[in-house]
Amino acid sequence: MSAQIRVDLQLIADMVEPGTRALDVGCGDGSLLAYLMNFKRVDARGMELSQAGVNACVANGLSVIQGDADTDLRDYPDNAFDYVILSQTLQATREPRQVLEQMLRVGKHAIVSFPNFAHWQVRLRLVFGGRMPETTSLPYKWYDTPNIHLCSIDDFRALCRTMGVRIERAIVLNNKSRRITLPPLLANLIGEQAVFMLRRA
Amino acid sequence: MLNDLTDAERKALAQCRHAVLGTDRPLRLDCGVDLGPYRVAYQTYGELNADKSNAVLVCHPLTCDQFVADRHPVTGKDGWWESLIGPGKVLDPGRYFIICINVLGHCMGTTGPQARDPATDQPWNLRFPVVTIGDMVRVQAALIDHLGIPDLFCVIGGSMGGMQVLEWAASYPKRVFSAVPIACAAHHSAQNIAFHEVGRQAIMADPEWKGGDYRLHQTNPARGLAVARMTAHITYLSEQALQRKFGRALQDRNALGFGFDADFQVESYLRHQGSTFVDRFDANSYLYITRAMDYFDLAGAHGGVLANAFKGSATRFCLMSFTSDWLFPTRESRAVVHALNAAAANVSFVEVDSDKGHDAFLLDEPEMFRTLSGFLKGAASVRGLGGLS
């Protein structure tokens, strides 16, 4: 078990109260799940699209099923978890708004992290380079990216307003994965990724 | 109760343990009949620890039995799940107390249609009550009580064994710490029932079956039972596996025989499967056990909603299916996973990539072993089972 996890995952883990129940949607190799289980005594479950990822997680003793954020959150009852986590996956879902709604139905809190499409490097590359942006947090070619619903931090805030969702916390990271505290307009320019904790209003 | 045993039962009981239960309080079967006393034959491996927390119940599939990890007393073959159970294996008797119970209605020592009805002192044969997966599990629970084990660390099984695991988790959630149903479903599908019906009809069409009273007439419906086995065996393999193993290869000849001998290797293989099966299996038992599987419908027993079967369950589940299993395809396991999610249960689900069909769960499948080992390690650490590396 490793006490070292990716910075954005660490930020998410820090938002989760010890001893609670959490579902990590798109849990990948399960590193956040393992951290939550081992260091915060969280009853942590995972859902992952890739069967190889699922098999690796279960072989490591984690409770993970193969599933799709777009379709399989519907199976869970209301308030089944204290937290439903979606890290770096929202932009790859077919219906991000529905996914958020399901997360907030199934969990008391939703924690979402995503790359900011209004980051200055993205803007520069599109405006002056005239090409689809490729950055550290968006490393794909336009024709093989899984990211079909990219948004900016301000876009996300606007969606939360539209949905009447309360933003409990918002953390913005720069391209060195350092936390930055700036007014929203600048955060949307300097922030490379963001982590939001939400709850039903 | 040890009079009138078949040869196979005598050999089996000489090599395993047994208990006679239901003497004071008979077992009320799902069909409404009270059964008792009845005999339960079982095999154990390893030792129960001081706080009785390391018991693992292995539920056997249709044609296997309690000799899960030692030489079979009738066939002389290795235990049917020795790939999984043994020193240094995923289920190590050095760590776990492993129990495998011959199911009710079977023919390796536990009471079945070949036994005598205590009321008439005549063999039951087809007068034996039709039993269900639920009845089998109630008998197992009675034996677990008899052994003084409050709850099981794990209940694991494939195929019909997986059905028993699901039934255990639904009927005795507090006695099942973790559950591993493999290559199974929460109900038998129309196609599953159809194949079983072909097998049963083959047995009943054999003139030596005699309405189930073949022992009385000193006949043996071996032909019918062999055909039943041959049909079923096809459903245990994938099309790819059959093709890879046999293709159109000929058996001991260079040209077609223009007759009805076993020209093709696949025919010879199936005939062999059929003829060896009849040495270790009883035709009436085959009717009863296949019926029990057909009747299994866990959702039906819970108001038509499978999730109700698992409401409030604290059991840790790990389901597994195999990509080429068409008898119990992945979608059946997924339906169970959906129901467990709807009950907010703790569930893992892995689909193993294999071209070996339904039988894959009995074979050397490293990914299955890896999954199981990880799952059990996780469960054991939550359970506080010591001695685990």
# chains A, B, ... in the order shown; residues from 1 in each chain; ligands from 1

$ residues_around --residues "Arg244 in chain B" --least-positions-apart "6" --cutoff "12 Å" --atoms "only C-alpha atoms" --output "number ranges by chain"
B: 237-238, 265-266, 355-356

$ select_by_dssp --residues "range 29-242 of chain B" --states "helix (DSSP H, G or I)" --output "PyMOL selection string"
chain B and resi 125-127+133-146+160-171+173-175+190-205+207-212+222-236+239-242

$ write_last_selection --atoms "C-alpha atoms" --output "compact mmCIF listing (two decimals), in the first residue's frame"
# COMPACT_ATOMS: atom_id res chain seq x y z
CA ASN B 125 -36.48 -43.79 -6.18
CA LEU B 126 -38.97 -41.43 -7.88
CA ARG B 127 -41.02 -41.19 -4.70
CA ILE B 133 -31.30 -25.35 -4.19
CA GLY B 134 -32.88 -23.81 -1.08
CA ASP B 135 -33.33 -27.28 0.45
CA MET B 136 -29.70 -28.18 -0.34
CA VAL B 137 -28.54 -25.00 1.41
CA ARG B 138 -30.78 -25.64 4.45
CA VAL B 139 -29.16 -29.07 4.79
CA GLN B 140 -25.72 -27.46 4.55
CA ALA B 141 -26.68 -24.89 7.21
CA ALA B 142 -27.90 -27.72 9.46
CA LEU B 143 -24.51 -29.43 9.06
CA ILE B 144 -22.65 -26.18 9.76
CA ASP B 145 -24.75 -25.90 12.97
CA HIS B 146 -23.90 -29.51 13.77
CA MET B 160 -24.82 -24.98 -9.43
CA GLY B 161 -22.35 -24.33 -6.61
CA GLY B 162 -22.65 -20.62 -7.42
CA MET B 163 -26.43 -20.86 -7.16
CA GLN B 164 -25.97 -22.31 -3.67
CA VAL B 165 -23.64 -19.42 -2.80
CA LEU B 166 -26.31 -16.91 -3.85
CA GLU B 167 -28.94 -18.83 -1.88
CA TRP B 168 -26.67 -18.87 1.19
CA ALA B 169 -26.11 -15.11 0.93
CA ALA B 170 -29.84 -14.48 0.55
CA SER B 171 -31.05 -16.92 3.25
CA PRO B 173 -26.69 -13.17 5.26
CA LYS B 174 -25.34 -12.94 8.81
CA ARG B 175 -23.60 -16.32 8.49
CA ALA B 190 -35.26 -21.30 -20.72
CA GLN B 191 -32.26 -22.64 -22.64
CA ASN B 192 -30.72 -24.10 -19.46
CA ILE B 193 -34.00 -25.82 -18.61
CA ALA B 194 -34.31 -27.06 -22.21
CA PHE B 195 -30.92 -28.76 -22.13
CA HIS B 196 -31.69 -30.38 -18.80
CA GLU B 197 -35.01 -31.62 -20.13
CA VAL B 198 -33.22 -33.33 -23.05
CA GLY B 199 -30.98 -35.08 -20.52
CA ARG B 200 -33.87 -36.19 -18.37
CA GLN B 201 -35.84 -37.44 -21.36
CA ALA B 202 -32.81 -39.47 -22.47
CA ILE B 203 -32.71 -41.16 -19.05
CA MET B 204 -36.43 -41.80 -18.93
CA ALA B 205 -36.46 -43.12 -22.50
CA PRO B 207 -35.97 -49.06 -21.15
CA GLU B 208 -33.69 -50.01 -18.26
CA TRP B 209 -34.81 -46.97 -16.26
CA LYS B 210 -38.07 -48.78 -15.31
CA GLY B 211 -39.86 -45.72 -13.98
CA GLY B 212 -36.91 -45.10 -11.68
CA ALA B 222 -26.56 -46.30 -18.30
CA ARG B 223 -27.28 -45.51 -21.98
CA GLY B 224 -29.79 -42.83 -21.11
CA LEU B 225 -27.58 -41.31 -18.44
CA ALA B 226 -24.61 -41.32 -20.83
CA VAL B 227 -26.62 -39.42 -23.47
CA ALA B 228 -27.72 -36.93 -20.80
CA ARG B 229 -24.06 -36.40 -19.88
CA MET B 230 -23.01 -36.04 -23.52
CA THR B 231 -25.62 -33.34 -24.13
CA ALA B 232 -24.73 -31.48 -20.97
CA HIS B 233 -21.01 -31.76 -21.68
CA ILE B 234 -21.44 -29.84 -24.94
CA THR B 235 -22.94 -26.95 -22.98
CA TYR B 236 -19.91 -26.89 -20.67
CA GLU B 239 -17.54 -23.69 -29.65
CA GLN B 240 -13.94 -22.44 -29.97
CA ALA B 241 -12.68 -24.98 -27.44
CA LEU B 242 -14.40 -27.87 -29.23

$ atom_distance --atom1 "CA of Gly22 in chain B" --atom2 "CA of Thr120 in chain B"
17.6 Å

$ closest_atom_pairs --of "chain A" --to "chain B" --cutoff "8 Å" --atoms "only C-alpha atoms" --output "tab-separated table"
residue	atom	partner	partner_atom	distance
A:Arg45	CA	B:Asn346	CA	7.3
A:Gln51	CA	B:Glu351	CA	7.1
A:Val54	CA	B:Val350	CA	6.7
A:Asn55	CA	B:Val350	CA	5.7
A:Ala56	CA	B:Thr371	CA	7.7
A:Val58	CA	B:Thr371	CA	5.7
A:Ala59	CA	B:Gly374	CA	4.0
A:Asn60	CA	B:Gly374	CA	4.9
A:Gly61	CA	B:Gly378	CA	4.3
A:Leu62	CA	B:Gly378	CA	7.0
A:Ser63	CA	B:Ser348	CA	4.7
A:Val64	CA	B:Ser348	CA	4.6
A:Ile65	CA	B:Phe349	CA	4.6
A:Gln66	CA	B:Phe349	CA	6.5
A:Asp75	CA	B:Ala342	CA	5.2
A:Tyr76	CA	B:Ala342	CA	4.6
A:Pro77	CA	B:Ala342	CA	5.5
A:Ala80	CA	B:Ala344	CA	6.1

$ atom_distance --atom1 "CA of Asn147 in chain A" --atom2 "CA of Asp24 in chain A"
18.7 Å

$ residues_around --residues "Thr145 in chain A" --least-positions-apart "3" --cutoff "12 Å" --atoms "only C-alpha atoms" --output "MDAnalysis selection string"
chainID A and resid 91:92 132:134 137:142 148:150

$ write_last_selection --atoms "N, CA and C atoms" --output "short mmCIF file (atom, residue, chain, number, x, y, z; two decimals), in the first residue's frame"
data_model
loop_
_atom_site.label_atom_id
_atom_site.label_comp_id
_atom_site.auth_asym_id
_atom_site.auth_seq_id
_atom_site.Cartn_x
_atom_site.Cartn_y
_atom_site.Cartn_z
N GLN A 91 -15.27 14.69 -18.25
CA GLN A 91 -15.16 15.15 -19.65
C GLN A 91 -15.24 14.00 -20.65
N ALA A 92 -15.15 12.75 -20.16
CA ALA A 92 -15.22 11.59 -21.05
C ALA A 92 -16.61 10.94 -21.05
N MET A 132 -5.73 21.98 -32.27
CA MET A 132 -6.37 21.49 -31.04
C MET A 132 -5.31 21.36 -29.96
N PRO A 133 -5.64 21.82 -28.76
CA PRO A 133 -4.64 21.86 -27.70
C PRO A 133 -4.19 20.47 -27.23
N GLU A 134 -2.86 20.37 -27.01
CA GLU A 134 -2.32 19.18 -26.34
C GLU A 134 -1.46 19.68 -25.20
N SER A 137 -2.26 17.90 -19.09
CA SER A 137 -3.50 17.31 -18.60
C SER A 137 -4.43 16.91 -19.76
N LEU A 138 -4.09 17.33 -20.97
CA LEU A 138 -4.88 16.94 -22.15
C LEU A 138 -3.92 16.40 -23.22
N PRO A 139 -3.38 15.22 -22.99
CA PRO A 139 -2.27 14.76 -23.82
C PRO A 139 -2.68 14.07 -25.14
N TYR A 140 -3.95 14.18 -25.53
CA TYR A 140 -4.41 13.38 -26.68
C TYR A 140 -4.48 14.16 -27.98
N LYS A 141 -4.35 13.42 -29.09
CA LYS A 141 -4.66 13.98 -30.40
C LYS A 141 -6.18 14.13 -30.51
N TRP A 142 -6.61 15.08 -31.32
CA TRP A 142 -8.06 15.34 -31.41
C TRP A 142 -8.84 14.11 -31.87
N ILE A 148 -14.80 13.99 -24.65
CA ILE A 148 -15.78 14.48 -25.62
C ILE A 148 -16.60 15.64 -25.08
N HIS A 149 -16.46 15.91 -23.75
CA HIS A 149 -17.21 17.03 -23.17
C HIS A 149 -16.31 17.86 -22.27
N LEU A 150 -15.32 18.48 -22.90
CA LEU A 150 -14.40 19.32 -22.13
C LEU A 150 -15.10 20.60 -21.71
#

$ atom_distance --atom1 "CA of Gln251 in chain B" --atom2 "CA of Ser324 in chain B"
26.5 Å

$ select_by_dssp --residues "range 3-173 of chain A" --states "strand (DSSP E)" --output "number ranges by chain"
A: 21-25, 43-48, 63-66, 81-87, 107-115, 165-173

$ residues_around --residues "Val99 in chain A" --least-positions-apart "4" --cutoff "12 Å" --atoms "only C-alpha atoms" --output "list in words"
Val25, Asp68, Ala69, Asp70, Thr71, Asp72, Leu73, Arg74, Val84, Ile85, Leu86, Thr89, Leu90, Gln91, Ala92, Thr93, Arg94, Glu95, Met103, Leu104, Arg105, Val106, Gly107, Ala110 and Val112 of chain A
